[in-house]
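Below is the file input31.tsv, which contains TSV, C-alpha atoms.
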```
chain	number	residue	atom	x	y	z
A	74	MET	CA	0.00	0.00	0.00
A	75	PHE	CA	1.38	3.42	-0.93
A	76	TRP	CA	1.62	6.31	1.53
A	77	ARG	CA	-1.50	8.17	2.60
A	78	CYS	CA	-1.40	11.78	3.75
A	79	CYS	CA	-4.98	12.89	3.49
A	80	LEU	CA	-7.36	10.10	2.44
A	81	ASP	CA	-10.03	11.41	4.81
A	82	ASN	CA	-9.68	15.03	3.81
A	83	LYS	CA	-13.18	15.73	2.60
A	84	ALA	CA	-12.50	19.43	2.04
A	85	LEU	CA	-9.55	18.71	-0.27
A	86	THR	CA	-11.50	16.04	-2.15
A	87	ASN	CA	-14.38	18.47	-2.69
A	88	LYS	CA	-11.92	21.12	-3.87
A	89	VAL	CA	-10.43	18.75	-6.47
A	90	ILE	CA	-13.92	17.77	-7.68
A	91	GLU	CA	-14.78	21.44	-8.02
A	92	LEU	CA	-11.64	22.12	-10.05
A	93	LEU	CA	-12.18	19.05	-12.26
A	94	GLU	CA	-15.68	20.24	-13.09
A	95	THR	CA	-14.24	23.41	-14.65
A	96	LYS	CA	-12.58	21.30	-17.36
A	97	ARG	CA	-9.70	23.76	-17.46
A	98	GLU	CA	-6.57	24.89	-15.67
A	99	ASP	CA	-5.91	28.33	-14.19
A	100	ASP	CA	-3.51	30.51	-12.20
A	101	TRP	CA	-3.56	28.35	-9.07
A	102	TRP	CA	-4.29	24.82	-10.23
A	103	ASP	CA	-2.74	22.46	-12.77
A	104	PHE	CA	-3.53	18.87	-13.79
A	105	LYS	CA	-0.82	16.30	-14.52
A	106	GLN	CA	-1.28	12.86	-15.99
A	107	GLU	CA	1.67	11.48	-14.04
A	108	HIS	CA	4.44	12.52	-11.70
A	109	HIS	CA	7.36	14.41	-13.22
A	110	ASP	CA	9.98	12.15	-14.77
A	111	ASP	CA	12.51	15.01	-14.56
A	112	LYS	CA	13.08	16.55	-11.11
A	113	ALA	CA	14.00	19.88	-12.74
A	114	LYS	CA	10.49	20.03	-14.26
A	115	LEU	CA	9.07	19.42	-10.79
A	116	VAL	CA	11.15	22.23	-9.26
A	117	HIS	CA	10.15	24.56	-12.10
A	118	ASP	CA	6.45	23.77	-11.67
A	119	ILE	CA	6.61	24.31	-7.91
A	120	ILE	CA	8.37	27.67	-8.34
A	121	CYS	CA	5.78	28.80	-10.88
A	122	MET	CA	2.94	27.85	-8.57
A	123	ALA	CA	4.60	29.45	-5.54
A	124	ASN	CA	5.09	32.67	-7.55
A	125	ASN	CA	1.54	32.87	-8.88
A	126	ARG	CA	-0.51	36.06	-8.57
A	127	PRO	CA	-3.58	34.93	-6.58
A	128	ARG	CA	-3.11	35.15	-2.83
A	129	LYS	CA	-4.05	31.54	-2.14
A	130	ASP	CA	-2.62	28.05	-1.95
A	131	SER	CA	-2.16	26.40	-5.34
A	132	TYR	CA	-2.62	22.79	-6.45
A	133	ILE	CA	-0.83	20.39	-8.79
A	134	ILE	CA	-3.26	17.48	-9.16
A	135	ILE	CA	-1.60	14.34	-10.46
A	136	GLY	CA	-3.39	11.40	-12.08
A	137	ILE	CA	-5.65	13.29	-14.55
A	138	GLU	CA	-5.48	12.60	-18.28
A	139	ASP	CA	-4.30	15.49	-20.43
A	140	ASN	CA	-7.03	17.36	-22.34
A	141	THR	CA	-9.86	14.96	-21.42
A	142	PHE	CA	-9.59	15.47	-17.61
A	143	LYS	CA	-10.37	11.79	-17.15
A	144	ILE	CA	-9.33	10.32	-13.80
A	145	LEU	CA	-6.53	7.80	-14.38
A	146	GLY	CA	-4.94	7.59	-10.93
A	147	VAL	CA	-1.30	7.21	-9.94
A	148	GLU	CA	-1.31	3.69	-8.52
A	149	GLU	CA	1.13	2.43	-11.15
A	150	ASP	CA	3.14	5.63	-11.56
A	151	ALA	CA	6.83	4.70	-11.57
A	152	HIS	CA	7.89	8.25	-10.61
A	153	ARG	CA	5.50	8.64	-7.71
A	154	ARG	CA	7.04	10.60	-4.83
A	155	ASN	CA	6.08	11.19	-1.22
A	156	GLN	CA	6.46	14.40	0.73
A	157	GLN	CA	9.89	13.64	2.12
A	158	VAL	CA	11.31	12.96	-1.35
A	159	ILE	CA	9.87	16.21	-2.69
A	160	LYS	CA	11.18	18.08	0.34
A	161	ASP	CA	14.66	16.62	-0.28
A	162	ILE	CA	14.51	17.68	-3.94
A	163	LEU	CA	13.68	21.26	-2.97
A	164	LYS	CA	16.38	21.19	-0.31
A	165	SER	CA	18.96	20.18	-2.92
A	166	ALA	CA	18.10	23.21	-5.07
A	167	SER	CA	19.94	26.46	-4.26
A	168	PHE	CA	17.07	28.83	-3.51
A	169	ALA	CA	18.00	32.47	-3.00
A	170	GLY	CA	18.38	33.25	0.68
A	171	GLY	CA	17.72	29.62	1.54
A	172	ILE	CA	13.96	30.36	1.42
A	173	ARG	CA	12.03	27.57	-0.28
A	174	PRO	CA	8.37	27.13	-1.16
A	175	ARG	CA	6.41	25.18	1.43
A	176	VAL	CA	4.64	22.18	-0.06
A	177	GLU	CA	2.44	19.33	1.10
A	178	ILE	CA	1.42	16.22	-0.81
A	179	HIS	CA	-1.87	14.53	-0.06
A	180	THR	CA	-3.58	11.47	-1.49
A	181	ILE	CA	-7.31	11.37	-2.16
A	182	ILE	CA	-9.61	8.77	-3.71
A	183	LEU	CA	-11.86	9.56	-6.69
A	184	GLU	CA	-13.66	6.97	-8.81
A	185	ASN	CA	-11.67	4.22	-7.08
A	186	HIS	CA	-8.38	5.82	-8.14
A	187	GLU	CA	-5.69	7.47	-6.07
A	188	LEU	CA	-4.82	11.05	-6.96
A	189	ASP	CA	-1.82	12.85	-5.50
A	190	VAL	CA	-2.41	16.52	-4.78
A	191	LEU	CA	0.68	18.67	-4.38
A	192	VAL	CA	-0.35	21.75	-2.38
A	193	VAL	CA	1.99	24.74	-2.75
A	194	LYS	CA	1.35	27.07	0.18
A	195	ASP	CA	0.74	30.76	-0.32
A	196	SER	CA	3.45	32.98	1.13
A	197	ALA	CA	4.72	36.55	1.17
A	198	ASP	CA	8.29	35.27	0.62
A	199	VAL	CA	7.94	35.62	-3.14
A	200	PRO	CA	9.55	35.76	-5.59
A	201	TYR	CA	11.24	32.39	-5.17
A	202	TYR	CA	14.21	31.85	-7.47
A	203	LEU	CA	17.49	29.91	-7.60
A	204	GLU	CA	21.04	31.15	-7.13
A	205	LYS	CA	22.51	28.18	-9.02
A	206	GLU	CA	21.15	26.20	-11.94
A	207	TYR	CA	19.34	22.97	-11.15
A	208	LYS	CA	19.36	19.77	-13.23
A	209	ASP	CA	18.22	16.23	-12.59
A	210	LYS	CA	21.52	14.34	-12.53
A	211	ASP	CA	19.73	11.06	-13.18
A	212	ILE	CA	18.51	12.13	-16.64
A	213	LYS	CA	21.37	10.88	-18.85
A	214	ASN	CA	21.73	9.35	-22.30
A	215	ASP	CA	23.72	6.23	-23.12
A	216	GLU	CA	26.95	8.25	-23.14
A	217	GLY	CA	26.28	9.49	-19.62
A	218	ILE	CA	25.52	13.04	-20.71
A	219	MET	CA	22.74	14.84	-18.84
A	220	TYR	CA	20.03	16.01	-21.20
A	221	GLY	CA	17.17	16.95	-18.87
A	222	LYS	CA	15.73	20.41	-18.33
A	223	THR	CA	17.63	23.17	-16.51
A	224	VAL	CA	16.09	25.56	-14.02
A	225	ARG	CA	18.03	28.78	-14.60
A	226	PRO	CA	19.64	30.80	-11.78
A	227	TYR	CA	18.24	34.28	-11.10
A	228	HIS	CA	15.30	33.57	-13.39
A	229	ILE	CA	11.94	34.50	-11.89
A	230	TYR	CA	9.19	32.19	-13.05
A	231	THR	CA	5.47	32.57	-12.47
A	232	ARG	CA	2.14	31.24	-13.69
A	233	VAL	CA	-0.36	33.37	-15.60
A	234	VAL	CA	-3.81	31.89	-16.23
A	235	ASP	CA	-2.95	28.30	-17.29
A	236	SER	CA	0.63	28.83	-18.48
A	237	ASN	CA	3.95	28.66	-16.64
A	238	THR	CA	6.86	30.87	-17.60
A	239	ASP	CA	9.04	28.85	-19.97
A	240	ILE	CA	11.95	27.29	-18.13
A	241	ASP	CA	14.49	29.15	-20.29
A	242	LYS	CA	12.76	32.54	-20.00
A	243	GLN	CA	11.92	35.21	-17.42
A	244	ALA	CA	8.47	36.27	-16.26
A	245	ASP	CA	7.12	39.52	-17.68
A	246	ILE	CA	8.32	42.61	-15.82
A	247	ASN	CA	4.83	43.51	-14.56
A	248	ASP	CA	4.51	40.05	-12.97
A	249	VAL	CA	7.96	40.34	-11.39
A	250	GLU	CA	7.06	43.76	-9.99
A	251	PHE	CA	3.83	42.32	-8.56
A	252	LEU	CA	5.75	39.60	-6.71
A	253	TRP	CA	8.13	42.12	-5.12
A	254	ARG	CA	5.20	44.31	-4.10
A	255	LYS	CA	3.62	41.26	-2.51
A	256	ARG	CA	6.78	40.52	-0.53
A	257	PHE	CA	6.97	44.04	0.88
A	258	GLY	CA	3.22	44.42	1.32
A	259	ILE	CA	3.16	47.58	-0.78
A	260	ASP	CA	-0.18	46.80	-2.42
A	261	LEU	CA	-1.96	45.80	0.79
A	262	SER	CA	-4.36	47.88	2.85
A	263	ILE	CA	-3.10	49.15	6.20
A	264	MET	CA	-5.11	46.53	8.10
A	265	GLU	CA	-3.83	43.75	5.85
A	266	ARG	CA	-0.27	44.93	6.49
A	267	LEU	CA	-0.94	45.11	10.22
A	268	ASN	CA	-2.22	41.53	10.36
A	269	ILE	CA	0.91	40.32	8.58
A	270	LEU	CA	3.26	42.35	10.80
A	271	LEU	CA	1.56	41.05	13.95
A	272	GLU	CA	2.74	37.58	12.89
A	273	ASP	CA	6.34	38.79	13.33
A	274	ILE	CA	6.39	37.90	17.02
A	275	ASP	CA	10.09	38.66	17.51
A	276	LYS	CA	10.06	41.93	15.57
A	277	TRP	CA	8.04	43.91	18.14
A	278	VAL	CA	10.06	45.84	20.73
A	279	PHE	CA	8.22	46.44	24.02
A	280	ASP	CA	8.77	46.82	27.76
A	281	TRP	CA	5.38	47.21	29.39
A	282	GLY	CA	5.60	48.79	32.81
A	283	ASN	CA	8.61	50.88	31.86
A	284	LYS	CA	7.42	52.13	28.48
A	285	LYS	CA	3.96	52.88	27.16
A	286	SER	CA	4.47	51.86	23.56
A	287	CYS	CA	6.01	49.20	21.40
A	288	TYR	CA	6.88	49.21	17.72
A	289	HIS	CA	7.80	46.93	14.83
A	290	CYS	CA	11.57	47.16	14.39
A	291	ASP	CA	11.40	46.97	10.57
A	292	PHE	CA	8.34	49.20	10.20
A	293	PRO	CA	8.34	51.53	13.24
A	294	GLU	CA	5.46	53.52	11.78
A	295	PHE	CA	3.33	50.71	13.23
A	296	GLN	CA	3.12	51.11	17.01
A	297	ILE	CA	1.07	49.68	19.88
A	298	VAL	CA	0.47	52.49	22.35
A	299	GLN	CA	-0.90	52.63	25.89
A	300	VAL	CA	-2.81	55.89	25.62
A	301	GLU	CA	-3.67	56.48	29.30
A	302	ASP	CA	-2.40	55.64	32.77
A	303	MET	CA	-3.37	52.33	34.32
A	304	LYS	CA	-6.48	52.37	36.48
A	305	ARG	CA	-8.02	49.79	38.78
A	306	GLY	CA	-10.39	47.35	37.14
A	307	TRP	CA	-11.64	43.81	37.51
A	308	VAL	CA	-12.26	40.69	35.51
A	309	PRO	CA	-12.81	37.34	37.26
A	310	ALA	CA	-9.56	35.98	35.76
A	311	ALA	CA	-7.69	38.30	38.15
A	312	ALA	CA	-8.68	36.05	41.06
A	313	PHE	CA	-6.42	33.32	39.66
A	314	TYR	CA	-3.20	35.29	40.07
A	315	THR	CA	-1.02	35.38	43.19
A	316	HIS	CA	-1.85	39.04	43.77
A	317	PRO	CA	-5.55	39.29	42.81
A	318	ASN	CA	-5.60	42.89	41.68
A	319	MET	CA	-6.16	44.02	38.13
A	320	TYR	CA	-5.41	47.20	36.19
A	321	LEU	CA	-6.26	48.28	32.69
A	322	ALA	CA	-5.66	51.03	30.15
A	323	LYS	CA	-6.76	51.87	26.63
A	324	LEU	CA	-4.47	50.38	24.01
A	325	ASN	CA	-4.35	51.71	20.46
A	326	ILE	CA	-2.54	50.39	17.42
A	327	MET	CA	-1.21	53.33	15.45
A	328	TYR	CA	-0.03	53.80	11.89
A	329	HIS	CA	2.04	56.98	12.03
A	330	ASN	CA	-0.37	59.30	13.92
A	331	THR	CA	-3.57	57.50	12.95
A	332	THR	CA	-5.36	55.05	15.25
A	333	ILE	CA	-6.20	51.98	13.19
A	334	TYR	CA	-7.34	49.64	15.99
A	335	GLU	CA	-8.56	50.14	19.57
A	336	SER	CA	-8.21	47.60	22.36
A	337	VAL	CA	-7.38	47.42	26.08
A	338	LEU	CA	-4.21	46.45	27.93
A	339	TRP	CA	-4.81	44.23	30.97
A	340	CYS	CA	-2.33	44.01	33.84
A	341	PHE	CA	-2.39	41.21	36.46
A	342	ASP	CA	-0.41	40.07	39.50
A	343	GLU	CA	0.63	43.56	40.60
A	344	PHE	CA	2.16	44.62	37.26
A	345	ARG	CA	3.89	41.29	36.60
A	346	LYS	CA	1.72	40.07	33.74
A	347	TYR	CA	0.53	42.17	30.80
A	348	LEU	CA	-2.04	40.73	28.40
A	349	PRO	CA	-4.33	42.10	25.69
A	350	GLU	CA	-8.03	42.31	26.40
A	351	ALA	CA	-9.85	38.99	25.96
A	352	GLN	CA	-13.32	38.49	24.51
A	353	ASN	CA	-16.27	37.36	26.61
A	354	CYS	CA	-18.77	34.71	25.57
A	355	ALA	CA	-22.02	33.50	27.13
A	356	VAL	CA	-22.46	29.75	27.35
A	357	LYS	CA	-25.23	28.58	25.03
A	358	ASP	CA	-28.57	28.15	26.84
A	359	LYS	CA	-26.90	29.49	30.01
A	360	GLY	CA	-27.28	33.21	29.36
A	361	ASP	CA	-25.86	34.26	32.74
A	362	PHE	CA	-22.80	31.98	32.50
A	363	TRP	CA	-19.71	33.45	30.83
A	364	TYR	CA	-16.08	32.79	29.99
A	365	SER	CA	-13.19	34.81	28.53
A	366	TYR	CA	-11.10	33.68	25.59
A	367	TYR	CA	-8.60	34.54	22.87
A	368	LEU	CA	-8.74	33.49	19.22
A	369	LEU	CA	-5.15	33.21	18.05
A	370	ASP	CA	-6.06	34.30	14.53
A	371	SER	CA	-7.65	37.54	15.81
A	372	ILE	CA	-5.74	40.77	16.48
A	373	GLU	CA	-5.93	40.23	20.25
A	374	GLY	CA	-4.74	36.66	19.75
A	375	LYS	CA	-1.76	37.89	17.77
A	376	LEU	CA	-1.04	40.48	20.46
A	377	LEU	CA	-1.11	37.67	23.02
A	378	LYS	CA	1.60	35.84	21.09
A	379	ILE	CA	3.68	39.03	20.91
A	380	PHE	CA	3.28	39.90	24.62
A	381	THR	CA	4.20	36.33	25.67
A	382	HIS	CA	7.03	35.91	23.13
A	383	GLY	CA	5.11	33.19	21.35
A	384	SER	CA	4.35	31.04	24.39
A	385	CYS	CA	0.72	32.17	24.87
A	386	ASP	CA	1.33	31.54	28.58
A	387	ILE	CA	-1.13	33.66	30.55
A	388	SER	CA	0.27	32.57	33.94
A	389	SER	CA	2.48	34.68	36.20
A	390	ARG	CA	3.92	33.27	39.42
A	391	GLU	CA	1.48	30.38	39.62
A	392	THR	CA	0.44	27.68	37.19
A	393	ASN	CA	-1.83	28.38	34.26
A	394	TYR	CA	-5.34	27.79	35.58
A	395	HIS	CA	-6.88	28.42	32.12
A	396	GLN	CA	-8.60	31.45	33.59
A	397	ILE	CA	-8.65	32.75	30.02
A	398	LEU	CA	-9.17	30.12	27.34
A	399	ILE	CA	-7.16	30.00	24.12
A	400	PHE	CA	-8.43	28.72	20.77
A	401	LYS	CA	-6.68	28.55	17.42
A	402	SER	CA	-9.75	29.78	15.58
A	403	GLU	CA	-13.49	30.32	15.82
A	404	SER	CA	-14.10	26.79	14.51
A	405	GLU	CA	-12.14	25.31	17.43
A	406	LYS	CA	-14.12	27.45	19.87
A	407	ILE	CA	-17.37	26.17	18.35
A	408	LYS	CA	-16.24	22.59	19.04
A	409	PHE	CA	-15.54	23.49	22.66
A	410	ASP	CA	-18.92	25.17	23.01
A	411	ALA	CA	-20.54	21.95	21.82
A	412	TYR	CA	-18.52	20.05	24.44
A	413	ILE	CA	-19.71	22.44	27.16
A	414	SER	CA	-23.34	21.86	26.22
A	415	GLU	CA	-22.90	18.11	26.58
A	416	HIS	CA	-20.71	18.08	29.70
A	417	PHE	CA	-21.83	21.18	31.60
A	418	CYS	CA	-22.78	19.17	34.70
A	419	ASP	CA	-19.75	16.85	34.75
A	420	HIS	CA	-18.39	18.52	37.93
A	421	SER	CA	-20.54	19.36	40.94
A	422	ASP	CA	-20.55	22.74	42.67
A	423	ASP	CA	-18.90	21.18	45.72
A	424	GLU	CA	-16.08	19.73	43.60
A	425	ILE	CA	-15.47	23.06	41.88
A	426	ASN	CA	-15.56	25.06	45.11
A	427	LYS	CA	-13.13	22.64	46.73
A	428	LYS	CA	-10.65	22.54	43.82
A	429	TYR	CA	-10.62	26.31	43.29
A	430	MET	CA	-11.44	27.44	46.85
A	431	ALA	CA	-8.64	30.01	47.13
A	432	GLN	CA	-9.40	31.63	43.78
A	433	ILE	CA	-13.16	31.75	44.26
A	434	GLN	CA	-12.74	33.38	47.67
A	435	GLU	CA	-10.76	36.21	46.08
A	436	ASP	CA	-13.72	37.14	43.90
A	437	ARG	CA	-15.23	39.60	46.35
A	438	GLU	CA	-18.70	40.96	45.76
A	439	ASP	CA	-17.42	44.51	45.38
A	440	ASN	CA	-15.24	43.39	42.46
A	441	LEU	CA	-18.11	42.15	40.32
A	442	GLY	CA	-19.14	45.59	39.09
A	443	GLY	CA	-22.75	44.55	38.82
A	444	MET	CA	-21.92	41.58	36.58
A	445	ARG	CA	-22.91	38.02	37.44
A	446	TYR	CA	-19.76	36.74	35.70
A	447	SER	CA	-17.66	35.36	38.56
A	448	ALA	CA	-14.52	33.45	39.47
A	449	TYR	CA	-16.70	30.40	40.10
A	450	GLN	CA	-17.77	30.49	36.46
A	451	VAL	CA	-14.14	30.83	35.39
A	452	ALA	CA	-13.26	27.79	37.51
A	453	LYS	CA	-16.08	25.63	36.13
A	454	ILE	CA	-15.27	26.41	32.49
A	455	ALA	CA	-11.52	26.03	33.13
A	456	TRP	CA	-12.04	22.51	34.46
A	457	LEU	CA	-14.18	21.58	31.45
A	458	TYR	CA	-11.53	23.07	29.17
A	459	GLU	CA	-8.85	20.89	30.81
A	460	ASP	CA	-11.04	17.80	30.30
A	461	TRP	CA	-11.61	18.76	26.67
A	462	GLN	CA	-7.87	19.19	26.07
A	463	ILE	CA	-7.15	15.74	27.53
A	464	ILE	CA	-9.72	14.15	25.24
A	465	ASN	CA	-8.27	15.93	22.21
A	466	ARG	CA	-4.74	14.77	23.09
A	467	GLU	CA	-5.91	11.18	23.45
A	468	ARG	CA	-7.57	11.37	20.06
A	469	GLY	CA	-4.32	12.66	18.58
```
Could you render the structure as structure tokens?
Amino acid sequence: MFWRCCLDNKALTNKVIELLETKREDDWWDFKQEHHDDKAKLVHDIICMANNRPRKDSYIIIGIEDNTFKILGVEEDAHRRNQQVIKDILKSASFAGGIRPRVEIHTIILENHELDVLVVKDSADVPYYLEKEYKDKDIKNDEGIMYGKTVRPYHIYTRVVDSNTDIDKQADINDVEFLWRKRFGIDLSIMERLNILLEDIDKWVFDWGNKKSCYHCDFPEFQIVQVEDMKRGWVPAAAFYTHPNMYLAKLNIMYHNTTIYESVLWCFDEFRKYLPEAQNCAVKDKGDFWYSYYLLDSIEGKLLKIFTHGSCDISSRETNYHQILIFKSESEKIKFDAYISEHFCDHSDDEINKKYMAQIQEDREDNLGGMRYSAYQVAKIAWLYEDWQIINRERG
């Protein structure tokens, strides 16, 4: 049995079916009857796909008959390669700056045939090009002379509509210019640029407590600014820190002198832990029961990664009690919400009060600010979150 990377990937299978139904190729997908017999052709195709104009992943779908788009499969393909082999081929090519396209190969089943789908991931690292020529050293004639294709050094290739740049030519100048603009984010909106820059966790310079602003070291016109002095506040998560006081201040993200995003800076454990403001969510069918959370793909989630140097550790001097929950995306949060609905009564009030006695006692009535959201609610949801994480780990 050949390797399987993604036989159960329904989304990818549906995507391939959708592309097959077009009966054509385009900027970000290409059909191949079989795997490349010449590794240089493979490298060239990957570079073209990685340097395409649409801002999306691209697909090389292998096992489809030329012109007819009939599904043939790759079960008997003598040149069939797995991901590690393709990765090694790219590693052997001298990419400029050592930056290579990121690829994945998946196998799906259609009409009882296996198709290999080479996914070339979208990236702002374009244009990809080589510093040295690349040839497949195994393509030789009877005299031992290599006769395969050559990927040229310092040639920028791309894909326009359904055509790759010829392997012995350069892309048109307007396409080359587009790729450089994409790398430097010149053609993006300010918010699109901000979201990309917030992914540069190590590029933001900050020292909360001593300074009231931080900036991106490559693009200092983007700054995160505390715009007022800290004042006393309260969220139930504060009860789970060694020193259960909480302070907050308005936090603006600035582009030059313009505010482009408004948030709040939270400070816990007597100025030892600085975090961005979390979102609050009511538990379904429990309208007076709440929890706080971050989505890592949101702006606050990206700020969390910056403020914690990538660790997303919300703890200070004590362990992480999961007083603020962390999800990769909204879809992951939806799965947890479904878990809560099913397991809401898994732990009794007595069990929760006993396990989190010290934290719940810190949630004094005068701290609630008229809200019914309490440290007890934080404790109950935190325990369910821990259970949910254990189940997910066991499932792999």
What gap, in Å, lies between atom CA of A:Arg232 and atom CA of A:Val193?
->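 Interatomic distance here is 12.7 Å.
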Interatomic distance between atom CA of A:Lys83 and atom CA of A:Asn124?
-> 26.9 Å
With 12 Å as the cut-off and all atoms listed in the file counted, what is the closest atom pair between each nearby residue of stretch 209-321 of chain A and stretch 419-432 of chain A? Distances in Å to one decimal, ordered by chain and number, as a tab-separated table.
```
residue	atom	partner	partner_atom	distance
A:Pro309	CA	A:Gln432	CA	9.3
A:Ala310	CA	A:Gln432	CA	9.1
A:Ala311	CA	A:Gln432	CA	8.9
A:Ala312	CA	A:Gln432	CA	5.2
A:Phe313	CA	A:Gln432	CA	5.4
A:Tyr314	CA	A:Gln432	CA	8.1
A:Thr315	CA	A:Gln432	CA	9.2
A:His316	CA	A:Gln432	CA	10.6
A:Pro317	CA	A:Gln432	CA	8.6
```
For A:Ile464, which residue out of A:Phe168, A:Asp209, A:Tyr412, A:Gln396 is the nearest one, using all atoms listed in the file?
-> A:Tyr412
Atom pair atom CA of A:Ile372 / atom CA of A:Gly306: separation (Å) | 22.2 Å
Go through A:Glu107, A:Asp370, A:Asp215, A:Asp118 and flag the residue nearest A:Asp189, using all atoms listed in the file for the distances.
-> A:Glu107
Grab all the atoms of stretch 355-365 of chain A that the file lists, wrap them in a box along x, y and z, add 6 Å per side, and give me centre plus edge lengths in Å (one decimal) as JSON.
```
{"center_x": -20.9, "center_y": 31.5, "center_z": 28.9, "size_x": 27.4, "size_y": 18.7, "size_z": 19.7}
```
Can you work out which one of A:Val190, A:Ile259, A:Ala84, A:Leu324 has the shortest atom-to-atom distance to A:Asp103, counting all atoms listed in the file?
->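 Closest to A:Asp103 of all the choices is A:Val190.
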At a cut-off of 10 Å from (-10.6, 38.2, 19.2) in the coordinates of the file, what residues are picked up using only C-alpha atoms, written as number ranges by chain?
-> A: 349-353, 366-376, 400, 402-403
Near A:Glu177, counting all atoms listed in the file, which residues have an atom at most 7 Å away, once you skip same-chain residues fewer than 6 positions from it, shown as a ChimeraX atom specification?
-> /A:156,191-193
Kindly export the residues of the current selection with C-alpha atoms, as a PDB file, in the frame of the given file.
```pdb
ATOM      1  CA  GLN A 156       6.460  14.400   0.730  1.00  0.00           C
ATOM      2  CA  LEU A 191       0.680  18.670  -4.380  1.00  0.00           C
ATOM      3  CA  VAL A 192      -0.350  21.750  -2.380  1.00  0.00           C
ATOM      4  CA  VAL A 193       1.990  24.740  -2.750  1.00  0.00           C
TER       5      VAL A 193
END
```
Could you tell me which of A:Lys359, A:Lys129, A:Lys88, A:His117 comes closest to A:Asp100 if we count all atoms listed in the file?
-> A:Lys129
Surrounding residues of stretch 325-336 of chain A excluding itself and chain neighbours under 6 positions, 9 Å, all atoms listed in the file, as a count of residues only | 14
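The residue that comes closest to A:Arg345, out of A:His186, A:Arg390, A:Arg154, A:Lys453 and on the basis of all atoms listed in the file, is A:Arg390.
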Kindly indicate which residue among A:Leu93, A:Val278, A:Met303, A:Met122 lies nearest to A:Asn140, using all atoms listed in the file for the distances.
->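 Answer, going by the shortest atom-to-atom distance: A:Leu93.
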Within 7 Å of A:Ala169, counting only C-alpha atoms, which residues show up once you throw out same-chain ones fewer than 4 positions away? Write them as an NGL selection string, please.
-> :A and (202-204)
Kindly add all heavy atoms to the incomplete stretch 450-454 of chain A and provide the output as a short mmCIF file (atom, residue, chain, number, x, y, z; two decimals), in the frame of the given file.
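The resulting file, part_25.cif, is shown below:
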```cif
data_model
loop_
_atom_site.label_atom_id
_atom_site.label_comp_id
_atom_site.auth_asym_id
_atom_site.auth_seq_id
_atom_site.Cartn_x
_atom_site.Cartn_y
_atom_site.Cartn_z
N GLN A 450 -17.52 30.83 37.86
CA GLN A 450 -17.77 30.49 36.46
C GLN A 450 -16.47 30.23 35.72
O GLN A 450 -16.37 29.29 34.92
CB GLN A 450 -18.56 31.62 35.78
CG GLN A 450 -19.95 31.82 36.33
CD GLN A 450 -20.72 32.90 35.59
OE1 GLN A 450 -20.19 33.58 34.73
NE2 GLN A 450 -22.00 33.04 35.93
N VAL A 451 -15.45 31.05 35.99
CA VAL A 451 -14.14 30.83 35.39
C VAL A 451 -13.62 29.45 35.75
O VAL A 451 -13.12 28.70 34.90
CB VAL A 451 -13.14 31.91 35.85
CG1 VAL A 451 -11.74 31.60 35.32
CG2 VAL A 451 -13.58 33.29 35.38
N ALA A 452 -13.76 29.08 37.03
CA ALA A 452 -13.26 27.79 37.51
C ALA A 452 -13.98 26.63 36.83
O ALA A 452 -13.35 25.65 36.40
CB ALA A 452 -13.42 27.72 39.02
N LYS A 453 -15.30 26.72 36.73
CA LYS A 453 -16.08 25.63 36.13
C LYS A 453 -15.70 25.43 34.67
O LYS A 453 -15.44 24.29 34.22
CB LYS A 453 -17.57 25.94 36.24
CG LYS A 453 -18.49 24.84 35.71
CD LYS A 453 -19.94 25.23 35.88
CE LYS A 453 -20.88 24.14 35.36
NZ LYS A 453 -20.96 22.97 36.25
N ILE A 454 -15.62 26.52 33.91
CA ILE A 454 -15.27 26.41 32.49
C ILE A 454 -13.83 25.97 32.33
O ILE A 454 -13.49 25.18 31.42
CB ILE A 454 -15.52 27.74 31.77
CG1 ILE A 454 -17.01 28.11 31.83
CG2 ILE A 454 -15.06 27.66 30.31
CD1 ILE A 454 -17.93 27.11 31.16
#
```
